[in-house]
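Asks: Pasting entry_5.cif here (mmCIF, C-alpha atoms):
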```
data_model
#
loop_
_atom_site.label_atom_id
_atom_site.label_comp_id
_atom_site.auth_asym_id
_atom_site.auth_seq_id
_atom_site.Cartn_x
_atom_site.Cartn_y
_atom_site.Cartn_z
CA MET A 1 87.41 83.63 111.55
CA ASP A 2 85.45 85.48 114.22
CA ASN A 3 88.35 86.96 116.17
CA ALA A 4 91.45 87.68 114.10
CA ALA A 5 93.18 89.30 117.07
CA LYS A 6 93.65 85.85 118.64
CA LEU A 7 96.05 85.01 115.82
CA LEU A 8 98.42 87.92 116.45
CA PRO A 9 100.70 86.20 119.02
CA VAL A 10 101.37 83.39 116.55
CA LEU A 11 101.93 85.82 113.67
CA GLU A 12 104.32 87.87 115.80
CA ALA A 13 106.30 84.74 116.73
CA LEU A 14 106.51 83.63 113.09
CA ALA A 15 107.63 87.06 111.92
CA ILE A 16 110.32 87.21 114.60
CA GLU A 17 111.54 83.69 113.75
CA ALA A 18 111.69 84.64 110.07
CA GLY A 19 113.45 87.89 110.93
CA THR A 20 116.04 86.02 112.98
CA ALA A 21 116.77 83.75 110.01
CA ILE A 22 117.12 86.79 107.74
CA MET A 23 119.58 88.45 110.09
CA GLU A 24 121.66 85.26 110.40
CA ILE A 25 121.92 85.02 106.62
CA ARG A 26 122.72 88.71 106.40
CA GLY A 27 125.54 88.22 108.88
CA ARG A 28 127.24 85.50 106.85
CA GLY A 29 126.46 87.01 103.44
CA ALA A 30 123.33 86.37 101.41
CA ASP A 31 123.19 84.55 98.09
CA ILE A 32 121.72 87.13 95.70
CA ARG A 33 120.06 86.18 92.42
CA GLU A 34 117.81 87.84 89.86
CA LYS A 35 114.23 86.77 89.19
CA PRO A 36 112.71 86.77 85.68
CA ASP A 37 111.28 90.25 86.34
CA HIS A 38 114.86 91.42 87.11
CA SER A 39 114.10 92.05 90.78
CA PRO A 40 116.55 90.58 93.33
CA VAL A 41 115.86 87.52 95.46
CA THR A 42 118.07 86.02 98.15
CA ASP A 43 118.31 82.88 100.21
CA ALA A 44 117.07 85.05 103.10
CA ASP A 45 113.75 85.65 101.27
CA GLU A 46 113.36 81.92 100.73
CA ALA A 47 114.33 80.84 104.25
CA ALA A 48 111.92 83.33 105.81
CA GLU A 49 109.10 82.23 103.53
CA ARG A 50 109.58 78.56 104.45
CA ILE A 51 109.33 79.41 108.15
CA ILE A 52 106.17 81.46 107.69
CA ILE A 53 104.39 79.00 105.40
CA ARG A 54 105.08 76.11 107.76
CA GLY A 55 103.66 78.06 110.69
CA LEU A 56 100.58 79.29 108.84
CA ARG A 57 99.74 75.77 107.65
CA ASP A 58 99.83 74.61 111.25
CA LEU A 59 97.67 77.54 112.33
CA LEU A 60 94.91 77.37 109.69
CA PRO A 61 95.50 74.25 107.58
CA ASP A 62 92.75 74.89 105.02
CA THR A 63 93.44 78.57 104.36
CA PRO A 64 95.26 79.42 101.09
CA ILE A 65 98.70 81.01 101.45
CA VAL A 66 99.76 83.46 98.78
CA ALA A 67 103.47 84.18 99.23
CA GLU A 68 105.80 86.14 96.98
CA GLU A 69 108.51 83.60 96.28
CA SER A 70 106.11 80.64 95.98
CA THR A 71 104.07 82.65 93.50
CA ALA A 72 107.21 83.46 91.52
CA ALA A 73 107.88 79.70 91.38
CA GLY A 74 104.39 79.08 89.95
CA HIS A 75 102.51 78.13 93.13
CA CYS A 76 99.65 80.62 93.18
CA PRO A 77 96.41 79.44 94.84
CA ALA A 78 93.04 81.08 94.31
CA PRO A 79 92.33 83.55 97.11
CA GLY A 80 89.02 82.32 98.55
CA ALA A 81 86.99 84.27 101.10
CA LEU A 82 89.84 83.93 103.61
CA PHE A 83 93.51 83.80 102.63
CA TRP A 84 97.01 84.76 103.71
CA LEU A 85 99.29 87.23 101.97
CA VAL A 86 102.99 86.89 102.79
CA ASP A 87 105.99 88.93 101.77
CA PRO A 88 108.87 87.27 103.62
CA LEU A 89 111.34 90.08 102.91
CA ASP A 90 109.87 93.34 101.66
CA GLY A 91 112.59 95.76 100.64
CA THR A 92 115.04 93.20 99.27
CA LYS A 93 116.92 96.04 97.53
CA GLU A 94 117.38 97.72 100.92
CA PHE A 95 118.54 94.39 102.38
CA VAL A 96 121.04 93.83 99.57
CA ARG A 97 122.43 97.36 100.01
CA GLY A 98 123.02 96.73 103.70
CA LYS A 99 120.26 99.11 104.83
CA GLY A 100 117.82 98.45 107.68
CA GLU A 101 114.42 99.32 106.21
CA PHE A 102 113.32 95.85 105.15
CA THR A 103 110.43 93.97 106.69
CA VAL A 104 108.71 90.63 107.17
CA ASN A 105 105.01 90.89 106.30
CA ILE A 106 102.13 88.54 107.13
CA ALA A 107 98.46 89.43 106.63
CA LEU A 108 95.15 87.64 106.84
CA VAL A 109 92.57 88.82 104.31
CA ARG A 110 88.83 88.24 104.59
CA HIS A 111 86.43 89.20 101.79
CA GLY A 112 89.07 91.44 100.24
CA ALA A 113 90.05 93.35 103.41
CA PRO A 114 93.15 92.74 105.59
CA ILE A 115 91.85 91.94 109.07
CA ALA A 116 95.10 91.06 110.86
CA GLY A 117 98.72 91.66 110.11
CA VAL A 118 102.25 92.03 111.38
CA VAL A 119 105.15 94.02 109.95
CA HIS A 120 108.54 93.19 111.48
CA ALA A 121 111.72 95.17 110.80
CA PRO A 122 114.37 92.82 112.25
CA ALA A 123 117.34 95.15 111.65
CA LEU A 124 115.52 97.91 113.54
CA GLY A 125 114.19 95.70 116.35
CA ARG A 126 110.62 96.85 115.75
CA LEU A 127 107.44 94.91 115.07
CA TYR A 128 104.03 96.39 114.32
CA ALA A 129 100.86 94.34 114.82
CA GLY A 130 97.21 95.11 114.30
CA ALA A 131 93.88 93.36 114.00
CA GLU A 132 90.29 94.24 113.37
CA GLY A 133 88.59 95.18 116.62
CA GLN A 134 91.75 95.25 118.71
CA GLY A 135 93.82 98.23 117.59
CA ALA A 136 97.53 98.31 116.80
CA GLU A 137 100.74 97.94 118.78
CA LEU A 138 104.43 98.62 118.39
CA VAL A 139 106.57 95.85 119.84
CA GLU A 140 110.25 96.42 120.62
CA VAL A 141 112.16 93.22 119.83
CA THR A 142 115.44 92.44 121.58
CA GLY A 143 117.37 89.59 120.03
CA SER A 144 114.63 87.16 119.07
CA LYS A 145 112.14 88.03 121.82
CA PRO A 146 109.52 90.74 122.31
CA ALA A 147 110.67 93.17 125.00
CA MET A 148 108.22 96.04 125.37
CA ARG A 149 104.97 96.92 123.62
CA ARG A 150 102.70 99.91 123.48
CA ALA A 151 99.48 100.82 121.75
CA ILE A 152 99.77 103.10 118.72
CA ALA A 153 97.23 105.18 116.81
CA VAL A 154 97.17 107.65 113.95
CA ARG A 155 97.26 111.33 114.79
CA GLU A 156 94.83 114.10 113.93
CA ALA A 157 96.35 115.76 110.87
CA SER A 158 96.81 119.49 110.53
CA ARG A 159 95.44 120.52 107.16
CA ASP A 160 98.05 123.29 107.03
CA ALA A 161 101.15 121.25 107.92
CA LEU A 162 100.97 117.67 106.68
CA VAL A 163 103.80 115.18 106.93
CA ALA A 164 104.02 112.93 103.87
CA ILE A 165 105.74 109.60 103.37
CA ALA A 166 106.90 108.45 99.94
CA SER A 167 108.67 105.43 98.52
CA LYS A 168 112.44 105.28 98.25
CA SER A 169 112.53 102.87 95.30
CA HIS A 170 109.24 103.42 93.44
CA ARG A 171 108.73 107.17 93.32
CA LEU A 172 107.06 108.32 90.09
CA PRO A 173 106.53 111.81 88.64
CA GLN A 174 102.87 111.53 89.69
CA THR A 175 104.02 111.28 93.30
CA ASP A 176 105.88 114.57 93.13
CA ALA A 177 103.00 116.25 91.30
CA PHE A 178 100.57 115.09 94.00
CA LEU A 179 102.81 116.17 96.88
CA ASP A 180 103.37 119.57 95.28
CA ARG A 181 99.65 120.27 95.75
CA LEU A 182 99.76 119.69 99.51
CA PRO A 183 100.51 122.05 102.39
CA LEU A 184 103.49 120.05 103.59
CA ALA A 185 105.56 120.63 106.67
CA GLU A 186 107.79 117.69 105.76
CA SER A 187 108.17 114.91 103.19
CA ARG A 188 110.16 111.79 104.01
CA ALA A 189 111.34 108.81 101.97
CA VAL A 190 110.93 105.49 103.77
CA GLY A 191 111.56 101.95 102.55
CA SER A 192 109.31 98.88 102.43
CA SER A 193 105.98 98.55 104.25
CA LEU A 194 107.29 100.71 107.09
CA LYS A 195 105.58 103.64 105.37
CA PHE A 196 102.20 102.38 106.58
CA CYS A 197 103.59 101.89 110.08
CA VAL A 198 104.98 105.41 110.36
CA ILE A 199 101.47 106.74 109.75
CA ALA A 200 100.01 104.15 112.14
CA GLU A 201 102.18 105.35 115.02
CA GLY A 202 101.43 109.02 114.38
CA GLY A 203 104.66 109.97 112.65
CA ALA A 204 103.09 111.07 109.35
CA ASP A 205 99.72 111.74 107.77
CA ILE A 206 99.70 110.61 104.16
CA TYR A 207 101.39 108.16 101.78
CA PRO A 208 100.45 108.39 98.09
CA ARG A 209 101.36 105.53 95.77
CA PHE A 210 100.94 105.49 92.01
CA GLY A 211 101.44 102.57 89.66
CA GLU A 212 101.29 98.83 90.19
CA THR A 213 101.82 97.10 93.51
CA MET A 214 101.67 93.45 94.46
CA GLU A 215 99.18 92.60 97.17
CA TRP A 216 101.70 90.96 99.49
CA ASP A 217 103.62 94.26 99.54
CA THR A 218 100.80 96.20 101.16
CA ALA A 219 98.34 93.92 102.99
CA ALA A 220 100.17 93.64 106.33
CA GLY A 221 100.92 97.35 106.45
CA GLN A 222 97.31 98.14 105.64
CA ALA A 223 96.12 95.82 108.42
CA VAL A 224 98.30 97.68 110.93
CA LEU A 225 97.27 101.11 109.67
CA THR A 226 93.53 100.42 109.67
CA ALA A 227 93.76 98.87 113.15
CA ALA A 228 95.47 102.10 114.27
CA GLY A 229 92.57 104.21 112.96
CA GLY A 230 93.82 105.02 109.47
CA GLN A 231 92.61 103.95 106.06
CA VAL A 232 93.85 102.96 102.62
CA LEU A 233 91.81 104.04 99.61
CA ALA A 234 91.96 103.42 95.90
CA TRP A 235 92.15 106.64 93.92
CA ASP A 236 88.42 106.47 93.19
CA GLY A 237 87.78 106.73 96.94
CA SER A 238 86.78 103.09 97.44
CA PRO A 239 88.47 100.84 100.03
CA PHE A 240 91.69 99.33 98.72
CA ALA A 241 90.75 95.69 98.19
CA TYR A 242 92.59 92.37 97.77
CA GLY A 243 92.21 89.15 95.80
CA LYS A 244 92.55 90.67 92.32
CA PRO A 245 93.77 88.57 89.36
CA GLY A 246 97.44 87.78 89.75
CA TYR A 247 97.34 89.57 93.12
CA ARG A 248 98.21 92.78 91.27
CA ASN A 249 96.80 96.23 92.03
CA ALA A 250 97.35 98.40 89.01
CA GLY A 251 95.98 101.75 90.12
CA GLY A 252 97.89 102.72 93.24
CA PHE A 253 96.39 103.95 96.51
CA LEU A 254 96.33 106.65 99.16
CA ALA A 255 97.22 105.65 102.73
CA LEU A 256 96.03 108.10 105.38
CA GLY A 257 95.93 108.89 109.04
CA ARG A 258 93.06 110.99 110.38
CA LEU A 259 92.24 113.81 107.92
CA PRO A 260 89.18 116.06 107.88
CA ALA A 261 86.57 114.58 105.53
CA ASP A 262 86.31 117.67 103.34
CA PHE A 263 90.07 117.86 102.98
CA LEU A 264 90.26 114.17 102.08
CA ARG A 265 87.66 114.63 99.35
CA SER A 266 89.76 117.43 97.86
CA LEU A 267 92.73 115.05 97.49
CA LEU A 268 90.92 112.51 95.33
CA PRO A 269 90.53 112.98 91.56
#
```
Could the structure of this file be written out as structure tokens, please?
Replies:
Amino acid sequence: MDNAAKLLPVLEALAIEAGTAIMEIRGRGADIREKPDHSPVTDADEAAERIIIRGLRDLLPDTPIVAEESTAAGHCPAPGALFWLVDPLDGTKEFVRGKGEFTVNIALVRHGAPIAGVVHAPALGRLYAGAEGQGAELVEVTGSKPAMRRAIAVREASRDALVAIASKSHRLPQTDAFLDRLPLAESRAVGSSLKFCVIAEGGADIYPRFGETMEWDTAAGQAVLTAAGGQVLAWDGSPFAYGKPGYRNAGGFLALGRLPADFLRSLLP
């Protein structure tokens, strides 16, 4: 895979098609069930995943696809040097509650790093796309078609007035303790993988996450953020990597825009 950016138009189309299916199911009322881990799943999750998997198999037939609902059903391929990570409906709790901050996420990972990804928020009409070597874009989606697009990039952070993003559903005491150390101008709670995208488009500077995450939850957002000039680090300062056993990351991460290097070092343990 020499030029991941060439894949973005197909990934955008798949994400929009999946998002359209999600919104149709939302309109008529989703079938909501509980998975063995007590998290919700709906027929919208499953319909979106079928659309995405079909399209990715056509695009790169020999590349493993790791998708949330397939994995929950016991279909969990080994990652390989190149593999897909798919979360067909990130923020299912937001979706079930009738909120708009849920997303469709597709990412291509090479040697542990997301190199291309799309994050689509169908209820908000916004799609974020980014790829290694190309940069990132925000695409306004009208109905089921892209309407307008513009390049996005992280902003230069002010070390005296940071804007932080935190999770709505997974906020731990460590998050508050970390944020209390920072010179914050504002702290916002945002759902799903949109937290990465807010930083990518220059709306915030930092997103700390503690505790376990699943790799399909973060890979597409990380691809967009890094393409926009940001970074995602493990708490030891190393790049946040993918392809771990069970596709679980136990230690959390720090997602960032553009911070001064000395200030960044002061944030890490």
Asks: Kindly indicate which residue among A:Ala116, A:Val190, A:Ala4, A:Leu179 lies nearest to Lys99 in chain A, using all atoms listed in the file for the distances.
Replies: A:Val190
Asks: Pick the closest to Glu201 in chain A from A:Ala234, A:Ala219, A:Val154, A:Ile25: which is it, counting all atoms listed in the file?
Replies: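 Smallest separation from Glu201 in chain A among the options: A:Val154.
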Asks: List the neighbours of range 258-263 of chain A out to 12 Å using only C-alpha atoms; skip same-chain residues closer than 3 positions along the sequence, and give me the result as a ChimeraX atom specification.
Replies: /A:153-163,182-183,199-206,225-226,228-232,237,255,266-268
Asks: I'd like the neighbourhood of Lys93 in chain A as a PyMOL selection string, where a residue qualifies if any of its atoms comes within 12 Å (using all atoms listed in the file), though same-chain residues fewer than 6 positions away should be ignored.
Replies: chain A and resi 32-34+38-42+45+99-103+168-170+191-192
Asks: Please determine, counting all atoms listed in the file, which residue among A:Phe95, A:Tyr247, A:Phe253, A:Tyr128 has the shortest atom-to-atom distance to Trp216 in chain A.
Replies: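 The shortest atom-to-atom distance to Trp216 in chain A comes from A:Tyr247.
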Asks: So, counting all atoms listed in the file, which residue among A:Pro36, A:Gly130, A:Pro245, A:Pro122 is closest to Ala151 in chain A?
Replies: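 Selected residue with least distance to Ala151 in chain A: A:Gly130.
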Asks: Can you translate the PyMOL selection byres ((chain A and resi 20) around 12) into the concrete residues it hits in this file, as a compact mmCIF listing (two decimals) with C-alpha atoms, keeping the file's coordinate frame?
Replies:
```
# COMPACT_ATOMS: atom_id res chain seq x y z
CA ALA A 13 106.30 84.74 116.73
CA LEU A 14 106.51 83.63 113.09
CA ALA A 15 107.63 87.06 111.92
CA ILE A 16 110.32 87.21 114.60
CA GLU A 17 111.54 83.69 113.75
CA ALA A 18 111.69 84.64 110.07
CA GLY A 19 113.45 87.89 110.93
CA ALA A 21 116.77 83.75 110.01
CA ILE A 22 117.12 86.79 107.74
CA MET A 23 119.58 88.45 110.09
CA GLU A 24 121.66 85.26 110.40
CA ILE A 25 121.92 85.02 106.62
CA ARG A 26 122.72 88.71 106.40
CA GLY A 27 125.54 88.22 108.88
CA ALA A 44 117.07 85.05 103.10
CA ASP A 45 113.75 85.65 101.27
CA ALA A 47 114.33 80.84 104.25
CA ALA A 48 111.92 83.33 105.81
CA ILE A 51 109.33 79.41 108.15
CA PRO A 88 108.87 87.27 103.62
CA LEU A 89 111.34 90.08 102.91
CA THR A 103 110.43 93.97 106.69
CA VAL A 104 108.71 90.63 107.17
CA HIS A 120 108.54 93.19 111.48
CA ALA A 121 111.72 95.17 110.80
CA PRO A 122 114.37 92.82 112.25
CA ALA A 123 117.34 95.15 111.65
CA LEU A 124 115.52 97.91 113.54
CA GLY A 125 114.19 95.70 116.35
CA VAL A 141 112.16 93.22 119.83
CA THR A 142 115.44 92.44 121.58
CA GLY A 143 117.37 89.59 120.03
CA SER A 144 114.63 87.16 119.07
CA LYS A 145 112.14 88.03 121.82
```
Asks: Would you list the contacts of Arg171 in chain A as a list in words, taking every protein, DNA or RNA residue within 10 Å and counting only C-alpha atoms, but skipping same-chain residues closer than 2 positions in sequence?
Replies: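 My list of contacting residues is Ala166, Ser167, Lys168, Ser169, Pro173, Gln174, Thr175, Asp176, Ala189, Pro208, Arg209, Phe210 and Gly211 of chain A.
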Asks: Please, what distance in Å, to one decimal, runs between CA of Leu138 in chain A and CA of Cys197 in chain A?
Replies: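 Those two atoms sit 9.0 Å apart.
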Asks: Smallest atom-to-atom distance to Arg150 in chain A: which of A:Leu254, A:Leu108, A:Ile165, A:Leu127, using only C-alpha atoms?
Replies: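 That would be A:Leu127, the residue with the smallest distance to Arg150 in chain A.
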